[in-house]
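Chemist: Take a look at this one; I'll ask things after.
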4 protein chains.
Amino acid sequence: MTSAGAAPIKVGIVGGTGYTGVELLRLLSQHPNAQLTAITSRKEDGMAVSDMFPNLRGRVDLRFQSPDKAALEQCDVVFFATPHGVAMSQAESLLGHDVRIIDLAADFRLQDTQVFERWYKMPHACPAVLEQSVYGLVELNRDKIAGARVIGNPGCYPTTVLLGLAPLIGGGRQLIDTTHIIADCKSGVSGAGRKAEVGTLFSEASDNFKAYGVAGHRHHPEISEQLQALAGAPVGLVFVPHLVPMIRGMFSTIYARILPQALDTDFQALFEQRYADEAFIDVMPAGSLPETRSVRASNYLRIAIHRPDGGDQLVILVAQDNLVKGASGQAVQNMNLMFGLPESTGLEHLAILP
Amino acid sequence: MTSAGAAPIKVGIVGGTGYTGVELLRLLSQHPNAQLTAITSRKEDGMAVSDMFPNLRGRVDLRFQSPDKAALEQCDVVFFATPHGVAMSQAESLLGHDVRIIDLAADFRLQDTQVFERWYKMPHACPAVLEQSVYGLVELNRDKIAGARVIGNPGCYPTTVLLGLAPLIGGGRQLIDTTHIIADCKSGVSGAGRKAEVGTLFSEASDNFKAYGVAGHRHHPEISEQLQALAGAPVGLVFVPHLVPMIRGMFSTIYARILPQALDTDFQALFEQRYADEAFIDVMPAGSLPETRSVRASNYLRIAIHRPDGGDQLVILVAQDNLVKGASGQAVQNMNLMFGLPESTGLEHLAILP
Amino acid sequence: MTSAGAAPIKVGIVGGTGYTGVELLRLLSQHPNAQLTAITSRKEDGMAVSDMFPNLRGRVDLRFQSPDKAALEQCDVVFFATPHGVAMSQAESLLGHDVRIIDLAADFRLQDTQVFERWYKMPHACPAVLEQSVYGLVELNRDKIAGARVIGNPGCYPTTVLLGLAPLIGGGRQLIDTTHIIADCKSGVSGAGRKAEVGTLFSEASDNFKAYGVAGHRHHPEISEQLQALAGAPVGLVFVPHLVPMIRGMFSTIYARILPQALDTDFQALFEQRYADEAFIDVMPAGSLPETRSVRASNYLRIAIHRPDGGDQLVILVAQDNLVKGASGQAVQNMNLMFGLPESTGLEHLAILP
Amino acid sequence: MTSAGAAPIKVGIVGGTGYTGVELLRLLSQHPNAQLTAITSRKEDGMAVSDMFPNLRGRVDLRFQSPDKAALEQCDVVFFATPHGVAMSQAESLLGHDVRIIDLAADFRLQDTQVFERWYKMPHACPAVLEQSVYGLVELNRDKIAGARVIGNPGCYPTTVLLGLAPLIGGGRQLIDTTHIIADCKSGVSGAGRKAEVGTLFSEASDNFKAYGVAGHRHHPEISEQLQALAGAPVGLVFVPHLVPMIRGMFSTIYARILPQALDTDFQALFEQRYADEAFIDVMPAGSLPETRSVRASNYLRIAIHRPDGGDQLVILVAQDNLVKGASGQAVQNMNLMFGLPESTGLEHLAILP
């Protein structure tokens, strides 16, 4: 869908057979300024996209192409909805054709290549491109994103934890004990992707709850790097992800101890002011209890601030849709910024409730 | 949301605290030609709509009003998302103010008032209005709807069964044995509404499957009346509804025996031709298997035609979202027709998958 | 667990890494006369069973063994919880060691080897063994099972459809039109097994409903062969399976037209009499609506008989747990019979509700 | 079910129409030494228990009686599966007839009657009985329970948090900072009971995740009182409960900071030793990730100890079935102790997986 007037943004998607891929297709096919131009899949070459994702029947008539056939270099922007490692192998070539890149995997999330290599078990293919890439968390990096050629789209967990902590950290603030932050995070099963694996079968993941990745999760160094950048010093974080028997949705319960000198702070006001101009961040009234369905299939993220018994423990509740604000919606938000469009363009769908 | 140019349609909603109510709010608040003007609830007078339905936060700033305060007579159209019996008690008064009426309950679905009284245990309050009302199944009654002042919006089950059978019945066709049709129907739990009842608690309805209403369901006479109108003669139907542990979605498996003289019919072609110009009816390719998620939160309805082993049994599979095409989306589709708008206006949201 | 007195039955399980395997382990480890002796898995040789299935921790200390190491020939009975084709390849050898065999796959379900080959795409490896094997639907074949050396344990769908129809067919009865029976069946996702496949991922199968296998399902010829044996003539059956977003549970809605001469039959009494002495078949009172959770994790099967509006259509509702009465529980029931134990031994667990 | 030999324990249940009630019925009807004698419900007088809970059909033939008709004083023990306030109003009378009492509500959980009154909004009816009552957490109070006449059966959340912390606290141990413990807890929806409420409808609670009770939850003072008793000093606890879209299951993620002098402690060994003789407490191997389905419908509780990056934060993961070990199973465990039976009697059912 493209609106009259300006030339549409020609969009390519690499690896569109997963959940972030179909979500990009859903959002971009309804975006007034985007023109879906090419979508690649090595395995599904020739298959109609709507044969794989029947919700697109009659509305998206694209077919998957093998990467060699797809004219990605003629696109204005290419989204990588691929496993880690793919975007960095194609970035330099695409940039040479003046194509902008938004990677939904991890290739451009971590500036420290040693950390990247430790967690992703591969050397970084293009450190020079990485250096000029921007971490695409819009509410923190809006200005840089507008001028970026390569975006590392944030992980889903990091989006919630960073937006839940950003007002408390940085700018010389001394509000919380940054050596012992706890992020107890919960994700719907779609966060695990559309891979055939026993652990995410319906009969395994339904009617069940568990923690996972307690010994180490790739989003941990990503959060830590960003928190350190905000704080100007290392931050101590315990991060425990859990799997919730729901398709979409992510909920983070963040615990931070208030420093003695900051006990008088009005944290509710602090958050409200920090996000007052944000279209997609909803700081709910004091005492609120966000729920994931209030953002289901939308780009909104809702935050509530609690301070049980008025004590020195701050509890921050953050809810988002892991596939929208936590992935594809945020990617489109980045695209909008990069191409000078109003940031909310094509992203104002209301959440589906019930 | 209203587009420039034409004056917006002023919309009132009576009884907006249920699922069809919040779905109307979601659709109409994103509709380019509608202006949400008033919403009533006797119990929730003064409450912000978005306090009850947090998906609307920041986007719908209406408050519930008790019916006596709401200026419904100044609306162009009023939707009744109420229990049965409410719309008919207010219809004449509103019509007197030139307000059009779309009732999502059953007051204007059955033309036979005796049948109405038997199933709904109340006399009909305005038979004269009923007589001029139109059954709002767009794909069957498009022309009449355009000129109607009162619409009985179809039940969710009837929408699937009637659209699944319409190409086979009427117009003098002798294709199937209309004395023994079977509709084995399955509904998500939201079809039971947002009433506090033990039977639809999560812990009762989840991880469970059952039939209900086998001894009699109010949608049965509704389907029968419409089938009879199509066929020009009584139609024999066994209708067995079932409850599926999912929020939204409705799936009907319809069995009809092909008459001996019709065994050569190309039923696939018949359905494709019948619905060729319909924006929201998707006759899938032969052999397809529709699934409810392919229409989740959208106004589309998908149909597939099967004939096992090439025998004389026709199996018609129909999937829709019970709250959209089965209720509020269809109601907006009716509104569009009644006000001369393109039928798809505000209804083209793609289904949410996964 | 073994009771004092009689020597325990030494039990082997081939291929215990799937859902019927873990269910056998659960049932047999709590069975007073069974002694779990060996369990094989080619891939998981050496792994503790309770590492794969943590519900067994502290209670089952068996380890998987590769088939060559497991002393299956020293068992009294071996259950095959394997893919189709495995049991028939080992049957003769085990029988040579006087080991009885209960196959939970399809190798000994179909007596017609041509039908077997058409549906399972492999020649039958031991037609002679097949010929002496017994179809292990206890309520139909109790006496033969007691003397059998090889049991073909019924498929889950066939168990519900056959028990739902058996009182109506055979014994010279002329009650229903056996040329046009319809079985509209619904299964929980565990019926698809514990294989890593995209279609049964949580994010695909949850909050969704669909039909599948409409063009042909392997349980169709199995049902047909048994119905024909009962009726003494071919039976016409349309069988449409559906997938329900629940882990366990199976529900069949069976439609049969009553023959004119049988319209006066008391079908409720007919079913009650037929199953009066059955420990696991519950013919519910007239008007009842069985639900799958009423049999969850139990060996019970509940049936209700309906006749809408007193017409000529009989609607039979059947609910079971697909993994217990539909698979492993029935297999243990067969074992009990084969070894002269009371049929209910170890199978009286009450269903889990909620 | 009663075994030969000893006289059975005559059991009464007051208020058996909720989920803890039906779970008591399931467990006790399969218990070899219990004889279900009476069950009361004011509203359902005369109704067969199995008409409300069809999983009991054919196995429990009791009928609900109004309280005045039920001969509770002839029972050996009465379980109260009632709202708060009922047990304390009947306790003295029953004790006068030498009936022992196990209350599954909160009347005998809090020794501090002022705290009770603040949280439950009613004065305590029998402080003298309260004083001699015992908090029925078997693993902490085994000896006292054996001699008790009145048991306050623990809340579901307290069971997980207390058993997750007990090895760390008390006995003069200085292991963790007891001023800032965090319990991030998650419960299945059955924890909310079988009351008709909008918030726990399937369409509200399914496919959703949220925190609740952040401003204060009745289990908080219960946990605090017990922790203080263990520690010999007040303990600082932040407790945040969450609602998980699953029927059964409870998972607590507990965060405690290790004191500097205790950094060398082998916490895995500490927990293993503490619970070495417990039949129902499973301290899993280091690195394990418990999941709620591993205890579904069973009385087991599984614990895993983590220490991310070997730092000073201890993360304790605890999983139980909220209706069994968190309620009715624990109540039966208490009964066994009170009547001199082996503690595991009737409670060894394996968890249902999948």
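In the structure tokens, chains take the letters A, B, ... in the order shown, each chain's residues start at 1, and ligands count up from 1 in the order shown.
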Just the residues within 12 Å of Arg248 of chain C, please, counting only C-alpha atoms, with nothing from its chain fewer than 4 positions along; format it as a PyMOL selection string.

Modeler: (chain A and resi 202-204+206-207) or (chain B and resi 206-209) or (chain C and resi 19-20+23+156+186-193+243-244+291-298+319-327+351-352) or (chain D and resi 352-354)

Chemist: Just fit chain A onto chain D on all the Cα atoms, in order, by least squares, and give it as a short mmCIF file (atom, residue, chain, number, x, y, z; two decimals) with C-alpha atoms, in the first residue's frame.

Modeler:
data_model
loop_
_atom_site.label_atom_id
_atom_site.label_comp_id
_atom_site.auth_asym_id
_atom_site.auth_seq_id
_atom_site.Cartn_x
_atom_site.Cartn_y
_atom_site.Cartn_z
CA MET A 1 -11.29 -46.78 49.13
CA THR A 2 -10.15 -48.33 52.34
CA SER A 3 -7.61 -51.05 52.94
CA ALA A 4 -8.32 -54.07 55.04
CA GLY A 5 -7.25 -54.04 58.64
CA ALA A 6 -7.37 -50.67 60.36
CA ALA A 7 -10.64 -48.81 60.62
CA PRO A 8 -10.85 -46.16 57.95
CA ILE A 9 -10.58 -42.48 58.74
CA LYS A 10 -14.00 -40.94 58.41
CA VAL A 11 -13.61 -37.74 56.44
CA GLY A 12 -15.88 -34.75 56.08
CA ILE A 13 -15.42 -31.88 53.67
CA VAL A 14 -17.05 -28.53 54.25
CA GLY A 15 -17.60 -26.52 51.10
CA GLY A 16 -16.56 -28.92 48.44
CA THR A 17 -17.68 -27.05 45.34
CA GLY A 18 -14.39 -25.32 44.58
CA TYR A 19 -11.14 -26.55 43.11
CA THR A 20 -9.52 -27.51 46.40
CA GLY A 21 -12.73 -29.38 47.15
CA VAL A 22 -12.77 -31.46 44.00
CA GLU A 23 -9.05 -32.09 44.42
CA LEU A 24 -9.65 -33.38 47.96
CA LEU A 25 -12.37 -35.63 46.55
CA ARG A 26 -10.05 -36.95 43.88
CA LEU A 27 -7.25 -37.68 46.34
CA LEU A 28 -9.34 -39.00 49.20
CA SER A 29 -11.55 -41.22 47.07
CA GLN A 30 -8.38 -43.01 45.97
CA HIS A 31 -6.80 -42.99 49.46
CA PRO A 32 -6.57 -46.47 50.98
CA ASN A 33 -7.37 -45.36 54.52
CA ALA A 34 -9.93 -42.65 54.02
CA GLN A 35 -13.68 -42.98 53.91
CA LEU A 36 -15.48 -40.03 52.41
CA THR A 37 -18.41 -39.58 54.76
CA ALA A 38 -19.93 -36.18 54.23
CA ILE A 39 -19.54 -33.15 52.05
CA THR A 40 -21.43 -29.95 52.56
CA SER A 41 -22.63 -27.16 50.34
CA ARG A 42 -25.34 -24.81 51.34
CA LYS A 43 -26.34 -24.08 47.77
CA GLU A 44 -26.08 -27.55 46.26
CA ASP A 45 -27.89 -29.58 48.90
CA GLY A 46 -28.92 -32.90 47.39
CA MET A 47 -26.84 -32.65 44.23
CA ALA A 48 -24.63 -35.59 43.42
CA VAL A 49 -21.00 -34.59 43.67
CA SER A 50 -20.35 -36.27 40.33
CA ASP A 51 -22.97 -34.10 38.62
CA MET A 52 -20.83 -31.09 39.40
CA PHE A 53 -17.50 -32.83 38.81
CA PRO A 54 -17.96 -35.41 36.07
CA ASN A 55 -14.47 -36.84 36.54
CA LEU A 56 -15.88 -38.51 39.67
CA ARG A 57 -18.75 -40.27 37.85
CA GLY A 58 -19.04 -43.88 38.86
CA ARG A 59 -16.44 -43.54 41.58
CA VAL A 60 -17.77 -41.08 44.16
CA ASP A 61 -21.46 -41.43 44.94
CA LEU A 62 -21.65 -38.82 47.66
CA ARG A 63 -24.16 -35.99 47.53
CA PHE A 64 -23.72 -32.47 48.81
CA GLN A 65 -25.61 -31.81 52.01
CA SER A 66 -26.53 -28.53 53.59
CA PRO A 67 -24.31 -28.03 56.65
CA ASP A 68 -27.12 -28.57 59.14
CA LYS A 69 -27.81 -32.07 57.82
CA ALA A 70 -24.26 -33.29 57.57
CA ALA A 71 -23.07 -35.35 60.49
CA LEU A 72 -19.68 -33.71 60.59
CA GLU A 73 -19.27 -34.32 64.30
CA GLN A 74 -19.13 -38.04 63.61
CA CYS A 75 -16.13 -37.65 61.35
CA ASP A 76 -12.57 -38.21 62.46
CA VAL A 77 -11.37 -35.22 60.48
CA VAL A 78 -13.04 -32.36 58.67
CA PHE A 79 -11.39 -30.45 55.85
CA PHE A 80 -12.55 -26.90 55.28
CA ALA A 81 -12.35 -26.00 51.60
CA THR A 82 -14.29 -22.83 52.25
CA PRO A 83 -13.84 -19.09 52.09
CA HIS A 84 -11.91 -17.52 54.94
CA GLY A 85 -13.88 -17.27 58.18
CA VAL A 86 -15.89 -20.47 58.00
CA ALA A 87 -13.51 -22.87 59.74
CA MET A 88 -12.97 -20.67 62.76
CA SER A 89 -16.72 -20.34 63.28
CA GLN A 90 -17.14 -24.13 63.54
CA ALA A 91 -13.84 -25.17 65.06
CA GLU A 92 -14.75 -25.18 68.73
CA SER A 93 -17.88 -27.19 68.22
CA LEU A 94 -16.13 -29.85 66.15
CA LEU A 95 -13.20 -30.06 68.54
CA GLY A 96 -15.77 -30.67 71.26
CA HIS A 97 -16.72 -33.82 69.38
CA ASP A 98 -13.10 -34.82 69.08
CA VAL A 99 -12.99 -34.08 65.35
CA ARG A 100 -9.69 -32.90 63.96
CA ILE A 101 -9.67 -29.94 61.62
CA ILE A 102 -7.65 -29.11 58.56
CA ASP A 103 -8.47 -25.68 57.21
CA LEU A 104 -7.42 -24.96 53.63
CA ALA A 105 -8.37 -21.30 54.05
CA ALA A 106 -6.49 -18.73 56.14
CA ASP A 107 -8.20 -18.95 59.53
CA PHE A 108 -5.33 -20.79 61.19
CA ARG A 109 -2.38 -19.62 59.15
CA LEU A 110 -1.50 -16.38 60.94
CA GLN A 111 -0.79 -16.49 64.65
CA ASP A 112 -0.90 -12.72 64.91
CA THR A 113 -4.61 -11.95 65.09
CA GLN A 114 -4.04 -8.27 64.41
CA VAL A 115 -2.35 -9.10 61.16
CA PHE A 116 -5.18 -11.50 60.40
CA GLU A 117 -7.76 -8.82 60.98
CA ARG A 118 -5.94 -6.28 58.87
CA TRP A 119 -5.72 -8.58 55.86
CA TYR A 120 -8.95 -10.54 56.15
CA LYS A 121 -11.19 -7.74 57.40
CA MET A 122 -12.76 -9.78 60.18
CA PRO A 123 -11.96 -10.42 63.83
CA HIS A 124 -10.64 -13.85 64.65
CA ALA A 125 -13.44 -15.96 66.11
CA CYS A 126 -11.42 -18.33 68.29
CA PRO A 127 -7.97 -17.08 69.30
CA ALA A 128 -7.63 -19.89 71.84
CA VAL A 129 -8.03 -22.53 69.16
CA LEU A 130 -5.69 -20.58 66.91
CA GLU A 131 -3.04 -20.68 69.59
CA GLN A 132 -2.98 -24.46 69.69
CA SER A 133 -3.24 -24.82 65.90
CA VAL A 134 -0.24 -25.76 63.84
CA TYR A 135 0.91 -24.29 60.53
CA GLY A 136 0.72 -27.35 58.32
CA LEU A 137 3.88 -27.06 56.27
CA VAL A 138 4.97 -30.63 56.77
CA GLU A 139 8.63 -30.25 55.91
CA LEU A 140 9.01 -27.57 58.59
CA ASN A 141 6.60 -28.70 61.29
CA ARG A 142 6.35 -32.47 61.00
CA ASP A 143 6.47 -33.24 64.71
CA LYS A 144 3.97 -30.64 65.78
CA ILE A 145 1.56 -31.68 63.05
CA ALA A 146 1.53 -35.26 64.24
CA GLY A 147 0.11 -34.10 67.53
CA ALA A 148 -2.10 -31.30 66.29
CA ARG A 149 -5.85 -31.11 66.50
CA VAL A 150 -6.18 -28.10 64.21
CA ILE A 151 -4.08 -27.43 61.11
CA GLY A 152 -3.82 -24.21 59.16
CA ASN A 153 -2.95 -25.58 55.76
CA PRO A 154 -0.44 -23.24 54.09
CA GLY A 155 -1.24 -20.96 51.19
CA CYS A 156 0.05 -22.00 47.79
CA TYR A 157 2.58 -19.18 47.35
CA PRO A 158 3.91 -19.53 50.91
CA THR A 159 4.57 -23.23 50.35
CA THR A 160 6.93 -22.49 47.48
CA VAL A 161 8.63 -19.48 49.02
CA LEU A 162 9.12 -21.03 52.45
CA LEU A 163 10.44 -24.33 51.11
CA GLY A 164 12.67 -22.40 48.73
CA LEU A 165 14.15 -20.34 51.55
CA ALA A 166 14.06 -22.63 54.58
CA PRO A 167 17.53 -24.14 54.07
CA LEU A 168 19.00 -20.64 53.96
CA ILE A 169 17.42 -19.23 57.06
CA GLY A 170 17.43 -20.14 60.71
CA GLY A 171 19.59 -22.31 62.84
CA GLY A 172 21.80 -19.31 63.35
CA ARG A 173 22.87 -19.35 59.71
CA GLN A 174 24.22 -16.12 58.25
CA LEU A 175 24.00 -16.91 54.56
CA ILE A 176 21.84 -14.34 52.82
CA ASP A 177 20.76 -10.76 53.26
CA THR A 178 17.38 -11.33 54.84
CA THR A 179 16.42 -7.68 54.61
CA HIS A 180 15.95 -7.71 50.83
CA ILE A 181 14.61 -11.00 49.54
CA ILE A 182 12.60 -10.97 46.34
CA ALA A 183 9.99 -13.57 45.46
CA ASP A 184 8.74 -13.24 41.88
CA CYS A 185 5.92 -15.78 41.81
CA LYS A 186 3.71 -17.09 39.03
CA SER A 187 0.47 -19.00 39.41
CA GLY A 188 -1.90 -20.86 37.17
CA VAL A 189 -5.44 -19.53 37.05
CA SER A 190 -7.01 -22.24 39.22
CA GLY A 191 -5.39 -20.45 42.15
CA ALA A 192 -8.13 -17.86 41.82
CA GLY A 193 -10.75 -20.48 42.58
CA ARG A 194 -13.98 -21.53 40.97
CA LYS A 195 -15.79 -18.24 41.38
CA ALA A 196 -17.64 -16.58 38.52
CA GLU A 197 -15.52 -13.49 37.90
CA VAL A 198 -14.74 -11.59 34.74
CA GLY A 199 -11.02 -11.41 35.38
CA THR A 200 -10.52 -15.17 35.25
CA LEU A 201 -12.73 -15.87 32.25
CA PHE A 202 -10.98 -17.81 29.53
CA SER A 203 -11.22 -14.86 27.16
CA GLU A 204 -9.56 -12.58 29.72
CA ALA A 205 -6.87 -14.79 31.21
CA SER A 206 -5.86 -16.83 28.18
CA ASP A 207 -3.01 -15.69 25.96
CA ASN A 208 -2.18 -13.04 28.54
CA PHE A 209 0.32 -12.42 31.33
CA LYS A 210 0.18 -9.88 34.12
CA ALA A 211 1.25 -9.12 37.66
CA TYR A 212 -1.40 -8.58 40.30
CA GLY A 213 -1.57 -7.80 43.98
CA VAL A 214 1.66 -5.80 43.81
CA ALA A 215 0.29 -3.35 46.34
CA GLY A 216 -0.39 -6.13 48.81
CA HIS A 217 -1.36 -9.81 48.80
CA ARG A 218 -2.64 -11.87 51.72
CA HIS A 219 0.09 -14.43 51.33
CA HIS A 220 2.71 -11.78 52.06
CA PRO A 221 2.09 -11.55 55.82
CA GLU A 222 1.81 -15.33 55.95
CA ILE A 223 5.24 -15.78 54.39
CA SER A 224 6.69 -13.02 56.53
CA GLU A 225 5.42 -14.49 59.78
CA GLN A 226 6.90 -17.88 58.98
CA LEU A 227 10.20 -16.45 57.76
CA GLN A 228 10.47 -14.40 60.92
CA ALA A 229 9.84 -17.51 62.99
CA LEU A 230 12.61 -19.30 61.10
CA ALA A 231 15.06 -16.40 61.21
CA GLY A 232 14.31 -15.22 64.69
CA ALA A 233 14.08 -11.70 63.35
CA PRO A 234 12.01 -9.75 60.85
CA VAL A 235 12.71 -10.53 57.22
CA GLY A 236 12.37 -8.04 54.36
CA LEU A 237 10.50 -9.52 51.43
CA VAL A 238 9.21 -8.10 48.19
CA PHE A 239 6.54 -10.46 46.85
CA VAL A 240 5.10 -10.01 43.36
CA PRO A 241 2.54 -12.57 42.18
CA HIS A 242 1.72 -13.01 38.50
CA LEU A 243 -1.03 -14.83 36.63
CA VAL A 244 -0.02 -17.45 34.03
CA PRO A 245 -2.41 -18.74 31.36
CA MET A 246 -2.36 -22.35 32.56
CA ILE A 247 -4.83 -24.16 34.76
CA ARG A 248 -2.52 -25.64 37.37
CA GLY A 249 1.02 -24.94 38.40
CA MET A 250 2.97 -22.48 40.45
CA PHE A 251 6.50 -21.30 39.90
CA SER A 252 8.50 -19.07 42.22
CA THR A 253 11.75 -17.39 41.27
CA ILE A 254 13.41 -16.29 44.47
CA TYR A 255 16.32 -13.88 44.56
CA ALA A 256 18.56 -13.56 47.63
CA ARG A 257 21.89 -11.83 47.97
CA ILE A 258 24.60 -13.97 49.50
CA LEU A 259 26.36 -12.37 52.46
CA PRO A 260 30.07 -11.73 51.92
CA GLN A 261 31.08 -14.24 54.60
CA ALA A 262 28.95 -16.95 52.95
CA LEU A 263 30.23 -16.71 49.41
CA ASP A 264 32.06 -20.01 49.74
CA THR A 265 28.95 -21.95 50.70
CA ASP A 266 27.94 -24.96 48.60
CA PHE A 267 24.30 -24.10 48.32
CA GLN A 268 23.49 -27.10 46.19
CA ALA A 269 24.76 -29.41 48.93
CA LEU A 270 22.98 -27.37 51.57
CA PHE A 271 19.62 -27.87 49.89
CA GLU A 272 20.24 -31.51 49.10
CA GLN A 273 21.09 -32.26 52.71
CA ARG A 274 18.19 -30.30 54.09
CA TYR A 275 15.67 -32.23 51.99
CA ALA A 276 17.44 -35.58 51.71
CA ASP A 277 14.74 -37.47 53.57
CA GLU A 278 11.75 -35.70 52.13
CA ALA A 279 9.49 -37.83 49.96
CA PHE A 280 7.96 -34.94 48.09
CA ILE A 281 10.79 -32.39 47.81
CA ASP A 282 13.05 -32.91 44.84
CA VAL A 283 16.27 -30.90 44.88
CA MET A 284 17.25 -31.20 41.26
CA PRO A 285 20.87 -31.49 40.09
CA ALA A 286 22.87 -28.30 39.71
CA GLY A 287 21.94 -26.43 36.56
CA SER A 288 18.45 -27.91 36.36
CA LEU A 289 15.40 -26.02 35.19
CA PRO A 290 12.22 -27.27 36.84
CA GLU A 291 8.94 -26.86 35.00
CA THR A 292 5.45 -26.90 36.38
CA ARG A 293 4.26 -29.76 34.20
CA SER A 294 6.82 -32.03 35.88
CA VAL A 295 4.62 -31.86 39.00
CA ARG A 296 1.19 -31.46 37.36
CA ALA A 297 -1.51 -33.13 39.46
CA SER A 298 1.11 -34.54 41.84
CA ASN A 299 2.25 -33.70 45.36
CA TYR A 300 5.89 -33.20 44.38
CA LEU A 301 7.72 -29.90 44.59
CA ARG A 302 10.93 -29.43 42.66
CA ILE A 303 13.70 -26.98 43.48
CA ALA A 304 16.77 -25.87 41.58
CA ILE A 305 19.52 -23.60 42.87
CA HIS A 306 21.32 -21.21 40.54
CA ARG A 307 24.06 -18.68 41.05
CA PRO A 308 24.45 -16.73 37.82
CA ASP A 309 28.09 -16.16 36.86
CA GLY A 310 29.09 -17.40 40.28
CA GLY A 311 28.23 -14.02 41.72
CA ASP A 312 26.58 -13.05 44.98
CA GLN A 313 23.00 -13.45 43.79
CA LEU A 314 21.30 -16.72 44.56
CA VAL A 315 18.36 -17.64 42.33
CA ILE A 316 16.09 -20.38 43.63
CA LEU A 317 13.52 -21.90 41.29
CA VAL A 318 10.57 -23.72 42.84
CA ALA A 319 7.78 -25.54 41.00
CA GLN A 320 4.67 -27.18 42.43
CA ASP A 321 1.07 -27.92 41.55
CA ASN A 322 -0.84 -25.19 43.34
CA LEU A 323 -3.85 -27.45 43.97
CA VAL A 324 -1.89 -30.45 45.25
CA LYS A 325 1.27 -29.62 47.20
CA GLY A 326 -0.02 -26.05 47.32
CA ALA A 327 -3.39 -27.05 48.79
CA SER A 328 -5.25 -30.36 48.85
CA GLY A 329 -2.30 -32.73 48.60
CA GLN A 330 -0.56 -31.00 51.44
CA ALA A 331 -3.79 -31.19 53.42
CA VAL A 332 -3.91 -34.97 52.92
CA GLN A 333 -0.22 -35.15 53.85
CA ASN A 334 -1.16 -33.42 57.08
CA MET A 335 -4.00 -35.87 57.64
CA ASN A 336 -1.66 -38.80 57.15
CA LEU A 337 0.68 -37.43 59.80
CA MET A 338 -2.12 -36.68 62.23
CA PHE A 339 -3.46 -40.23 61.97
CA GLY A 340 -0.13 -42.02 62.12
CA LEU A 341 -0.09 -43.16 58.52
CA PRO A 342 2.97 -43.15 56.31
CA GLU A 343 3.18 -39.61 55.08
CA SER A 344 2.99 -40.53 51.39
CA THR A 345 -0.12 -42.67 51.66
CA GLY A 346 -2.47 -41.95 48.78
CA LEU A 347 -0.23 -39.21 47.47
CA GLU A 348 2.18 -40.99 45.18
CA HIS A 349 0.43 -40.28 41.89
CA LEU A 350 2.94 -39.43 39.22
CA ALA A 351 2.68 -36.09 37.50
CA ILE A 352 0.75 -36.00 34.21
CA LEU A 353 3.09 -35.23 31.31
CA PRO A 354 2.33 -34.14 28.69
#

Chemist: I need the residues of segment 98-295 of chain B that end up classed as strand (DSSP E or B) by DSSP on the backbone, written out as a PyMOL selection string.

Modeler: chain B and resi 100-103+134-135+150-152+176+181-188+201+210-211+237-244+250-258+281-283+291
